[in-house]
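Here is my_file-v1.csv, consisting of CSV, N, CA and C atoms:
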chain,number,residue,atom,x,y,z
A,1,GLN,N,-20.1,9.1,4.3
A,1,GLN,CA,-19.0,8.1,4.4
A,1,GLN,C,-18.6,7.6,3.1
A,2,VAL,N,-17.3,7.4,2.8
A,2,VAL,CA,-16.8,6.8,1.6
A,2,VAL,C,-15.9,5.7,2.0
A,3,GLN,N,-16.1,4.5,1.3
A,3,GLN,CA,-15.2,3.4,1.5
A,3,GLN,C,-14.4,3.2,0.2
A,4,LEU,N,-13.1,3.0,0.4
A,4,LEU,CA,-12.2,2.9,-0.8
A,4,LEU,C,-11.4,1.6,-0.7
A,5,ALA,N,-11.3,0.9,-1.9
A,5,ALA,CA,-10.6,-0.4,-2.0
A,5,ALA,C,-9.7,-0.4,-3.1
A,6,GLU,N,-8.4,-0.5,-2.9
A,6,GLU,CA,-7.4,-0.5,-3.9
A,6,GLU,C,-7.2,-1.9,-4.4
A,7,SER,N,-6.7,-2.0,-5.6
A,7,SER,CA,-6.3,-3.3,-6.2
A,7,SER,C,-5.3,-3.0,-7.3
A,8,GLY,N,-4.5,-4.0,-7.7
A,8,GLY,CA,-3.6,-3.9,-8.9
A,8,GLY,C,-2.2,-3.8,-8.5
A,9,GLY,N,-1.8,-3.9,-7.2
A,9,GLY,CA,-0.4,-3.8,-6.9
A,9,GLY,C,0.2,-5.2,-7.2
A,10,GLY,N,1.5,-5.2,-7.0
A,10,GLY,CA,2.3,-6.5,-7.3
A,10,GLY,C,3.7,-6.2,-7.4
A,11,LEU,N,4.4,-7.3,-7.9
A,11,LEU,CA,5.8,-7.2,-8.1
A,11,LEU,C,6.1,-7.1,-9.6
A,12,VAL,N,7.0,-6.1,-10.0
A,12,VAL,CA,7.3,-5.9,-11.4
A,12,VAL,C,8.7,-5.5,-11.5
A,13,GLN,N,9.3,-5.8,-12.6
A,13,GLN,CA,10.7,-5.4,-12.8
A,13,GLN,C,10.8,-3.9,-13.2
A,14,ALA,N,11.9,-3.3,-13.0
A,14,ALA,CA,12.2,-1.9,-13.4
A,14,ALA,C,11.9,-1.8,-14.9
A,15,GLY,N,11.2,-0.7,-15.2
A,15,GLY,CA,10.9,-0.4,-16.6
A,15,GLY,C,9.5,-1.0,-16.9
A,16,GLY,N,8.9,-1.8,-16.1
A,16,GLY,CA,7.6,-2.3,-16.3
A,16,GLY,C,6.5,-1.4,-15.9
A,17,SER,N,5.2,-1.9,-16.0
A,17,SER,CA,4.1,-1.1,-15.8
A,17,SER,C,3.1,-1.8,-14.9
A,18,LEU,N,2.3,-1.0,-14.2
A,18,LEU,CA,1.2,-1.5,-13.4
A,18,LEU,C,0.1,-0.5,-13.5
A,19,ARG,N,-1.2,-1.0,-13.3
A,19,ARG,CA,-2.3,-0.1,-13.2
A,19,ARG,C,-3.0,-0.4,-11.9
A,20,LEU,N,-3.1,0.6,-11.0
A,20,LEU,CA,-3.8,0.5,-9.8
A,20,LEU,C,-5.2,1.0,-10.0
A,21,SER,N,-6.2,0.4,-9.3
A,21,SER,CA,-7.6,0.8,-9.3
A,21,SER,C,-8.0,1.1,-7.9
A,22,CYS,N,-8.9,2.0,-7.8
A,22,CYS,CA,-9.5,2.3,-6.5
A,22,CYS,C,-11.0,2.4,-6.6
A,23,ALA,N,-11.7,1.4,-6.1
A,23,ALA,CA,-13.2,1.4,-6.2
A,23,ALA,C,-13.8,2.0,-4.9
A,24,ALA,N,-14.7,3.0,-5.2
A,24,ALA,CA,-15.3,3.7,-4.1
A,24,ALA,C,-16.7,3.3,-3.9
A,25,SER,N,-17.1,3.3,-2.7
A,25,SER,CA,-18.5,3.0,-2.4
A,25,SER,C,-19.0,4.1,-1.4
A,26,GLY,N,-20.3,4.3,-1.3
A,26,GLY,CA,-20.7,5.4,-0.5
A,26,GLY,C,-21.4,6.5,-1.3
A,27,ARG,N,-21.4,7.7,-0.8
A,27,ARG,CA,-22.1,8.7,-1.5
A,27,ARG,C,-21.2,9.7,-2.3
A,28,SER,N,-21.8,10.2,-3.3
A,28,SER,CA,-21.2,11.3,-4.0
A,28,SER,C,-19.8,11.2,-4.5
A,29,PHE,N,-19.4,10.1,-5.0
A,29,PHE,CA,-18.0,9.9,-5.5
A,29,PHE,C,-17.6,11.0,-6.4
A,30,SER,N,-18.5,11.4,-7.3
A,30,SER,CA,-18.2,12.4,-8.4
A,30,SER,C,-17.9,13.7,-7.8
A,31,SER,N,-18.3,14.0,-6.5
A,31,SER,CA,-18.0,15.3,-5.9
A,31,SER,C,-16.7,15.4,-5.2
A,32,TYR,N,-16.0,14.2,-5.1
A,32,TYR,CA,-14.8,14.2,-4.3
A,32,TYR,C,-13.5,14.3,-5.2
A,33,THR,N,-12.6,15.0,-4.7
A,33,THR,CA,-11.2,15.0,-5.3
A,33,THR,C,-10.6,13.6,-4.9
A,34,MET,N,-10.0,12.9,-5.8
A,34,MET,CA,-9.4,11.6,-5.6
A,34,MET,C,-7.9,11.7,-5.8
A,35,GLY,N,-7.2,10.9,-5.1
A,35,GLY,CA,-5.8,10.9,-5.3
A,35,GLY,C,-5.1,9.6,-4.8
A,36,TRP,N,-3.8,9.6,-5.1
A,36,TRP,CA,-3.0,8.5,-4.7
A,36,TRP,C,-1.8,9.0,-3.9
A,37,PHE,N,-1.5,8.4,-2.8
A,37,PHE,CA,-0.3,8.6,-2.0
A,37,PHE,C,0.5,7.3,-1.9
A,38,ARG,N,1.7,7.4,-1.5
A,38,ARG,CA,2.5,6.2,-1.3
A,38,ARG,C,3.4,6.3,-0.1
A,39,GLN,N,3.8,5.2,0.4
A,39,GLN,CA,4.7,5.2,1.6
A,39,GLN,C,5.7,4.1,1.4
A,40,ALA,N,6.9,4.5,1.3
A,40,ALA,CA,8.0,3.5,1.2
A,40,ALA,C,8.4,3.1,2.7
A,41,PRO,N,9.1,1.9,2.8
A,41,PRO,CA,9.5,1.5,4.1
A,41,PRO,C,10.4,2.5,4.8
A,42,GLY,N,10.0,2.9,6.0
A,42,GLY,CA,10.8,3.8,6.8
A,42,GLY,C,10.7,5.3,6.4
A,43,LYS,N,9.7,5.5,5.5
A,43,LYS,CA,9.5,6.9,5.1
A,43,LYS,C,8.1,7.4,5.3
A,44,GLN,N,7.9,8.7,5.3
A,44,GLN,CA,6.6,9.2,5.5
A,44,GLN,C,5.8,9.0,4.2
A,45,ARG,N,4.5,9.1,4.4
A,45,ARG,CA,3.5,9.0,3.3
A,45,ARG,C,3.7,10.2,2.4
A,46,GLU,N,3.7,10.1,1.1
A,46,GLU,CA,3.9,11.2,0.2
A,46,GLU,C,2.9,11.2,-0.9
A,47,PHE,N,2.6,12.4,-1.4
A,47,PHE,CA,1.6,12.6,-2.5
A,47,PHE,C,2.2,12.1,-3.8
A,48,VAL,N,1.3,11.5,-4.6
A,48,VAL,CA,1.7,11.0,-5.9
A,48,VAL,C,0.9,11.7,-7.0
A,49,ALA,N,-0.4,11.6,-6.9
A,49,ALA,CA,-1.2,12.2,-8.0
A,49,ALA,C,-2.6,12.5,-7.5
A,50,THR,N,-3.3,13.4,-8.1
A,50,THR,CA,-4.6,13.8,-7.7
A,50,THR,C,-5.4,14.2,-8.9
A,51,ILE,N,-6.7,14.0,-8.9
A,51,ILE,CA,-7.6,14.4,-9.9
A,51,ILE,C,-8.9,15.0,-9.3
A,52,GLY,N,-9.3,16.1,-9.7
A,52,GLY,CA,-10.4,16.8,-9.1
A,52,GLY,C,-11.7,16.2,-9.5
A,53,TRP,N,-12.8,16.7,-8.9
A,53,TRP,CA,-14.1,16.3,-9.3
A,53,TRP,C,-14.3,16.6,-10.7
A,54,ASN,N,-13.7,17.7,-11.1
A,54,ASN,CA,-13.6,18.1,-12.6
A,54,ASN,C,-12.3,17.5,-13.1
A,55,PRO,N,-12.4,16.5,-13.9
A,55,PRO,CA,-11.2,15.8,-14.3
A,55,PRO,C,-10.1,16.6,-15.0
A,56,GLY,N,-10.5,17.9,-15.3
A,56,GLY,CA,-9.5,18.8,-15.9
A,56,GLY,C,-8.4,19.2,-14.9
A,57,PHE,N,-8.6,19.0,-13.7
A,57,PHE,CA,-7.7,19.4,-12.6
A,57,PHE,C,-6.9,18.2,-12.2
A,58,ILE,N,-5.7,18.1,-12.7
A,58,ILE,CA,-4.8,16.9,-12.3
A,58,ILE,C,-3.4,17.5,-12.0
A,59,TYR,N,-2.9,16.9,-10.9
A,59,TYR,CA,-1.5,17.3,-10.5
A,59,TYR,C,-0.7,16.0,-10.2
A,60,TYR,N,0.6,16.1,-10.4
A,60,TYR,CA,1.5,15.0,-10.1
A,60,TYR,C,2.6,15.4,-9.3
A,61,ALA,N,3.2,14.5,-8.5
A,61,ALA,CA,4.5,14.8,-7.9
A,61,ALA,C,5.5,14.8,-9.0
A,62,ASP,N,6.5,15.6,-8.7
A,62,ASP,CA,7.6,15.8,-9.8
A,62,ASP,C,8.2,14.4,-10.1
A,63,SER,N,8.3,13.6,-9.1
A,63,SER,CA,9.0,12.3,-9.2
A,63,SER,C,8.3,11.3,-10.2
A,64,VAL,N,7.0,11.6,-10.5
A,64,VAL,CA,6.3,10.7,-11.3
A,64,VAL,C,5.8,11.3,-12.6
A,65,LYS,N,6.0,12.6,-12.8
A,65,LYS,CA,5.5,13.3,-14.0
A,65,LYS,C,6.1,12.6,-15.2
A,66,GLY,N,5.2,12.4,-16.2
A,66,GLY,CA,5.7,11.8,-17.5
A,66,GLY,C,5.7,10.3,-17.4
A,67,ARG,N,5.5,9.7,-16.2
A,67,ARG,CA,5.5,8.2,-16.1
A,67,ARG,C,4.2,7.7,-15.6
A,68,PHE,N,3.5,8.5,-14.7
A,68,PHE,CA,2.2,8.0,-14.2
A,68,PHE,C,1.1,8.9,-14.7
A,69,SER,N,-0.1,8.2,-14.8
A,69,SER,CA,-1.3,8.9,-15.3
A,69,SER,C,-2.5,8.6,-14.4
A,70,ILE,N,-3.1,9.6,-13.9
A,70,ILE,CA,-4.3,9.3,-13.1
A,70,ILE,C,-5.6,9.6,-13.9
A,71,SER,N,-6.6,8.9,-13.7
A,71,SER,CA,-7.9,9.1,-14.4
A,71,SER,C,-9.0,8.6,-13.5
A,72,ARG,N,-10.2,9.0,-13.8
A,72,ARG,CA,-11.4,8.6,-13.0
A,72,ARG,C,-12.5,8.2,-13.9
A,73,ASP,N,-13.4,7.3,-13.5
A,73,ASP,CA,-14.6,6.9,-14.2
A,73,ASP,C,-15.7,7.1,-13.2
A,74,ASN,N,-16.4,8.2,-13.3
A,74,ASN,CA,-17.4,8.5,-12.3
A,74,ASN,C,-18.6,7.5,-12.4
A,75,ALA,N,-18.8,7.0,-13.6
A,75,ALA,CA,-19.9,6.0,-13.8
A,75,ALA,C,-19.6,4.7,-13.0
A,76,LYS,N,-18.3,4.4,-12.9
A,76,LYS,CA,-17.9,3.2,-12.2
A,76,LYS,C,-17.4,3.4,-10.8
A,77,ASN,N,-17.5,4.7,-10.3
A,77,ASN,CA,-16.9,5.0,-9.0
A,77,ASN,C,-15.5,4.5,-8.8
A,78,THR,N,-14.7,4.7,-9.8
A,78,THR,CA,-13.3,4.2,-9.7
A,78,THR,C,-12.3,5.2,-10.2
A,79,VAL,N,-11.2,5.2,-9.6
A,79,VAL,CA,-10.1,6.0,-10.0
A,79,VAL,C,-8.9,5.1,-10.3
A,80,TYR,N,-8.1,5.5,-11.3
A,80,TYR,CA,-7.0,4.6,-11.7
A,80,TYR,C,-5.7,5.4,-11.6
A,81,LEU,N,-4.6,4.6,-11.5
A,81,LEU,CA,-3.3,5.1,-11.6
A,81,LEU,C,-2.5,4.2,-12.5
A,82,GLN,N,-2.2,4.7,-13.7
A,82,GLN,CA,-1.4,3.9,-14.6
A,82,GLN,C,0.1,4.3,-14.4
A,83,MET,N,0.9,3.3,-14.1
A,83,MET,CA,2.3,3.6,-13.7
A,83,MET,C,3.2,2.9,-14.8
A,84,ASN,N,3.9,3.7,-15.5
A,84,ASN,CA,4.8,3.2,-16.5
A,84,ASN,C,6.3,3.5,-16.2
A,85,SER,N,7.2,2.8,-16.8
A,85,SER,CA,8.6,3.1,-16.6
A,85,SER,C,8.9,3.0,-15.1
A,86,LEU,N,8.5,2.0,-14.4
A,86,LEU,CA,8.6,1.9,-13.0
A,86,LEU,C,10.1,1.8,-12.6
A,87,LYS,N,10.4,2.4,-11.5
A,87,LYS,CA,11.7,2.4,-10.9
A,87,LYS,C,11.7,1.8,-9.5
A,88,PRO,N,12.8,1.2,-9.1
A,88,PRO,CA,12.9,0.7,-7.7
A,88,PRO,C,12.4,1.7,-6.6
A,89,ASP,N,12.7,3.0,-6.9
A,89,ASP,CA,12.3,4.0,-5.9
A,89,ASP,C,10.7,4.2,-5.9
A,90,ASP,N,10.0,3.6,-6.8
A,90,ASP,CA,8.6,3.6,-6.7
A,90,ASP,C,8.0,2.6,-5.8
A,91,THR,N,8.8,1.7,-5.3
A,91,THR,CA,8.4,0.7,-4.3
A,91,THR,C,7.7,1.3,-3.1
A,92,GLY,N,6.6,0.7,-2.7
A,92,GLY,CA,5.9,1.2,-1.5
A,92,GLY,C,4.5,0.7,-1.4
A,93,ASP,N,3.8,1.1,-0.4
A,93,ASP,CA,2.4,0.9,-0.3
A,93,ASP,C,1.7,2.1,-0.9
A,94,TYR,N,0.8,1.8,-1.8
A,94,TYR,CA,0.0,2.9,-2.5
A,94,TYR,C,-1.4,3.0,-1.9
A,95,TYR,N,-1.8,4.2,-1.5
A,95,TYR,CA,-3.0,4.4,-0.9
A,95,TYR,C,-3.9,5.3,-1.7
A,96,CYS,N,-5.2,5.0,-1.8
A,96,CYS,CA,-6.2,5.8,-2.5
A,96,CYS,C,-6.7,6.8,-1.5
A,97,ALA,N,-7.0,8.0,-1.9
A,97,ALA,CA,-7.5,9.0,-1.0
A,97,ALA,C,-8.7,9.7,-1.6
A,98,ALA,N,-9.6,10.1,-0.8
A,98,ALA,CA,-10.7,10.9,-1.2
A,98,ALA,C,-10.9,12.1,-0.2
A,99,ASP,N,-11.2,13.3,-0.8
A,99,ASP,CA,-11.3,14.5,0.0
A,99,ASP,C,-12.2,15.5,-0.7
A,100,SER,N,-12.8,16.3,0.1
A,100,SER,CA,-13.7,17.3,-0.5
A,100,SER,C,-12.9,18.6,-0.8
A,101,ALA,N,-11.6,18.6,-0.5
A,101,ALA,CA,-10.8,19.8,-0.9
A,101,ALA,C,-10.5,19.7,-2.4
A,102,THR,N,-9.9,20.8,-2.9
A,102,THR,CA,-9.5,20.9,-4.3
A,102,THR,C,-8.3,20.0,-4.6
A,103,ALA,N,-8.2,19.7,-5.9
A,103,ALA,CA,-7.0,18.9,-6.3
A,103,ALA,C,-5.7,19.6,-6.0
A,104,MET,N,-5.7,20.9,-6.1
A,104,MET,CA,-4.5,21.7,-5.8
A,104,MET,C,-4.2,21.5,-4.3
A,105,ALA,N,-5.2,21.6,-3.5
A,105,ALA,CA,-4.9,21.4,-2.0
A,105,ALA,C,-4.4,20.0,-1.7
A,106,MET,N,-5.0,19.0,-2.4
A,106,MET,CA,-4.5,17.6,-2.1
A,106,MET,C,-3.0,17.5,-2.6
A,107,SER,N,-2.7,18.2,-3.7
A,107,SER,CA,-1.3,18.0,-4.2
A,107,SER,C,-0.3,18.5,-3.2
A,108,SER,N,-0.6,19.4,-2.3
A,108,SER,CA,0.3,19.9,-1.3
A,108,SER,C,0.1,19.3,0.0
A,109,SER,N,-0.8,18.3,0.1
A,109,SER,CA,-1.1,17.7,1.4
A,109,SER,C,0.0,16.7,1.8
A,110,THR,N,0.2,16.6,3.2
A,110,THR,CA,1.1,15.6,3.7
A,110,THR,C,0.3,14.3,4.0
A,111,GLY,N,-1.0,14.4,3.8
A,111,GLY,CA,-1.8,13.3,4.0
A,111,GLY,C,-2.6,13.3,5.4
A,112,LYS,N,-2.1,14.1,6.3
A,112,LYS,CA,-2.7,14.1,7.6
A,112,LYS,C,-4.1,14.7,7.7
A,113,ASP,N,-4.5,15.4,6.6
A,113,ASP,CA,-5.8,16.1,6.6
A,113,ASP,C,-6.8,15.4,5.6
A,114,ILE,N,-6.4,14.3,5.1
A,114,ILE,CA,-7.2,13.6,4.1
A,114,ILE,C,-8.4,12.9,4.8
A,115,GLU,N,-9.6,13.1,4.2
A,115,GLU,CA,-10.8,12.6,4.9
A,115,GLU,C,-10.9,11.1,4.8
A,116,TYR,N,-10.7,10.5,3.7
A,116,TYR,CA,-10.9,9.0,3.6
A,116,TYR,C,-9.7,8.4,2.9
A,117,TRP,N,-9.3,7.2,3.4
A,117,TRP,CA,-8.2,6.4,2.9
A,117,TRP,C,-8.7,5.0,2.6
A,118,GLY,N,-8.0,4.4,1.6
A,118,GLY,CA,-8.1,3.0,1.4
A,118,GLY,C,-7.2,2.2,2.3
A,119,GLN,N,-7.2,0.9,2.2
A,119,GLN,CA,-6.3,0.1,3.0
A,119,GLN,C,-4.9,0.0,2.4
A,120,GLY,N,-4.7,0.3,1.1
A,120,GLY,CA,-3.4,0.3,0.5
A,120,GLY,C,-3.2,-1.0,-0.3
A,121,THR,N,-2.3,-0.8,-1.3
A,121,THR,CA,-1.9,-2.0,-2.1
A,121,THR,C,-0.4,-1.9,-2.3
A,122,GLN,N,0.3,-3.0,-2.2
A,122,GLN,CA,1.7,-3.0,-2.2
A,122,GLN,C,2.3,-3.0,-3.7
A,123,VAL,N,3.3,-2.2,-3.9
A,123,VAL,CA,3.9,-2.2,-5.2
A,123,VAL,C,5.4,-2.4,-5.0
A,124,THR,N,6.0,-3.4,-5.6
A,124,THR,CA,7.4,-3.7,-5.5
A,124,THR,C,8.1,-3.7,-6.8
A,125,VAL,N,9.1,-2.9,-7.0
A,125,VAL,CA,9.8,-2.8,-8.3
A,125,VAL,C,11.2,-3.3,-8.1
A,126,SER,N,11.5,-4.4,-8.7
A,126,SER,CA,12.8,-5.0,-8.6
A,126,SER,C,13.8,-4.4,-9.6
A,127,SER,N,15.0,-4.3,-9.3
A,127,SER,CA,16.1,-3.8,-10.2
A,127,SER,C,16.6,-4.8,-11.1
Exercise: express the given structure as structure tokens:
Amino acid sequence: QVQLAESGGGLVQAGGSLRLSCAASGRSFSSYTMGWFRQAPGKQREFVATIGWNPGFIYYADSVKGRFSISRDNAKNTVYLQMNSLKPDDTGDYYCAADSATAMAMSSSTGKDIEYWGQGTQVTVSS
């Protein structure tokens, strides 16, 4: 069992930055692929970024490439999402995800098959 707790969301103006954190508790954090998904009001949850148990495997959604950066600190059982040049379209609830699948698999996931979710943190980008 893995428990995930996100933090770092908030209100920011377009062009600003936020860093989300996801603290994991439970067993074998370093063996899980970690990722971030988001859900805008009235829309389905969508993939944002993922990092494999081997941090060399990282994938991003096209909409965030060049602006967002995912990283993990296995010593702290934490995964981060640095979000720069934020746009109003980035508004939504951001969810941390953990899964035993590969990072490539998570990057094509709709979210329905993810093993563990956090409760989410809200990000609002004003224009």
Which residues of segment 41-120 of chain A have any atom within 8 Å of an atom in segment 9-12 of chain A when counting only N, CA and C atoms, and what is the closest pair of atoms for each, with the distance in Å to one decimal? Order the rows by chain and rising number and write it as a tab-separated table.
residue	atom	partner	partner_atom	distance
A:Leu86	C	A:Val12	C	7.5
A:Tyr94	N	A:Gly9	CA	7.7
A:Gly120	C	A:Gly9	N	7.6
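The residue that comes closest to Pro88 of chain A, out of A:Gln1, A:Gln44, A:Asn74, A:Ser126 and on the basis of only N, CA and C atoms, is A:Ser126.
If you look at atom CA of Leu81 of chain A and atom CA of Gly26 of chain A, they are 20.6 Å away from each other.
All residues of protein, DNA or RNA that reach within 9 Å of Ser69 of chain A, judged by only C-alpha atoms and not counting those fewer than 2 positions away in the chain, are Ala49, Tyr60, Val64, Lys65, Gly66, Arg67, Ser71, Tyr80, Leu81, Gln82, Met83 and Asn84 of chain A.
Counting only N, CA and C atoms, the residue from A:Gly16, A:Gly52, A:Gly8, A:Gly118 that sits nearest to Ala98 of chain A is A:Gly118.
Residues lying within 8 Å of Ala24 of chain A, counting only C-alpha atoms and ignoring same-chain neighbours fewer than 6 positions away, are Val2, Gln3, Leu4, Ala5, Asn77 and Thr78 of chain A.
Across the model, the gap from atom CA of Lys43 of chain A to atom C of Leu20 of chain A is 21.9 Å.
The interatomic distance for the pair atom N of Ser107 of chain A and atom N of Tyr59 of chain A works out to 7.3 Å.
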Notebook entry, point to check: Out of segment 69-119 of chain A, which residues get strand (DSSP E or B) from DSSP, as an NGL selection string?
Noted result: :A and (69-73 or 78-83 or 92-99 or 116-117)
Next item on the list: as a ChimeraX atom specification, please: all residues of segment 16-119 of chain A that backbone DSSP puts in alpha helix (DSSP H).
Entry: /A:103-107
For the residues in the current selection, export N, CA and C atoms as a compact mmCIF listing (two decimals), in the frame of the given file.
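File written: selection33.txt
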# COMPACT_ATOMS: atom_id res chain seq x y z
N ALA A 103 -8.20 19.70 -5.90
CA ALA A 103 -7.00 18.90 -6.30
C ALA A 103 -5.70 19.60 -6.00
N MET A 104 -5.70 20.90 -6.10
CA MET A 104 -4.50 21.70 -5.80
C MET A 104 -4.20 21.50 -4.30
N ALA A 105 -5.20 21.60 -3.50
CA ALA A 105 -4.90 21.40 -2.00
C ALA A 105 -4.40 20.00 -1.70
N MET A 106 -5.00 19.00 -2.40
CA MET A 106 -4.50 17.60 -2.10
C MET A 106 -3.00 17.50 -2.60
N SER A 107 -2.70 18.20 -3.70
CA SER A 107 -1.30 18.00 -4.20
C SER A 107 -0.30 18.50 -3.20
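Comparing the minimum interatomic distances between Cys96 of chain A and each of A:Ile70, A:Thr50, A:Thr110, A:Trp117, counting only C-alpha atoms, we find that A:Trp117 sits nearest.
Among the candidate residues A:Ser85, A:Gln39, A:Ser31, A:Ser63, the one lying nearest to Leu18 of chain A is A:Ser85, with distances computed using all atoms listed in the file.
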Next item on the list: Considering all atoms listed in the file, return as number ranges by chain whatever protein or nucleic-acid residues lie within 6.5 Å of Ser109 of chain A, sequence-local ones (same chain, fewer than 4 positions apart) excluded.
Entry: A: 47, 104-105
Notebook entry, point to check: Quick one: residues within 8 Å of Thr102 of chain A, all atoms listed in the file counted, chain neighbours fewer than 4 positions away excluded, as a VMD selection string?
Noted result: chain A and resid 32 to 34 50 to 53 57 106 to 107
Next item on the list: Using only C-alpha atoms, collect all residues at a distance of at most 9 Å from (10.4, -0.6, -1.8) as written in the file, then present them as a ChimeraX atom specification.
Entry: /A:39-41,88-93,123-126
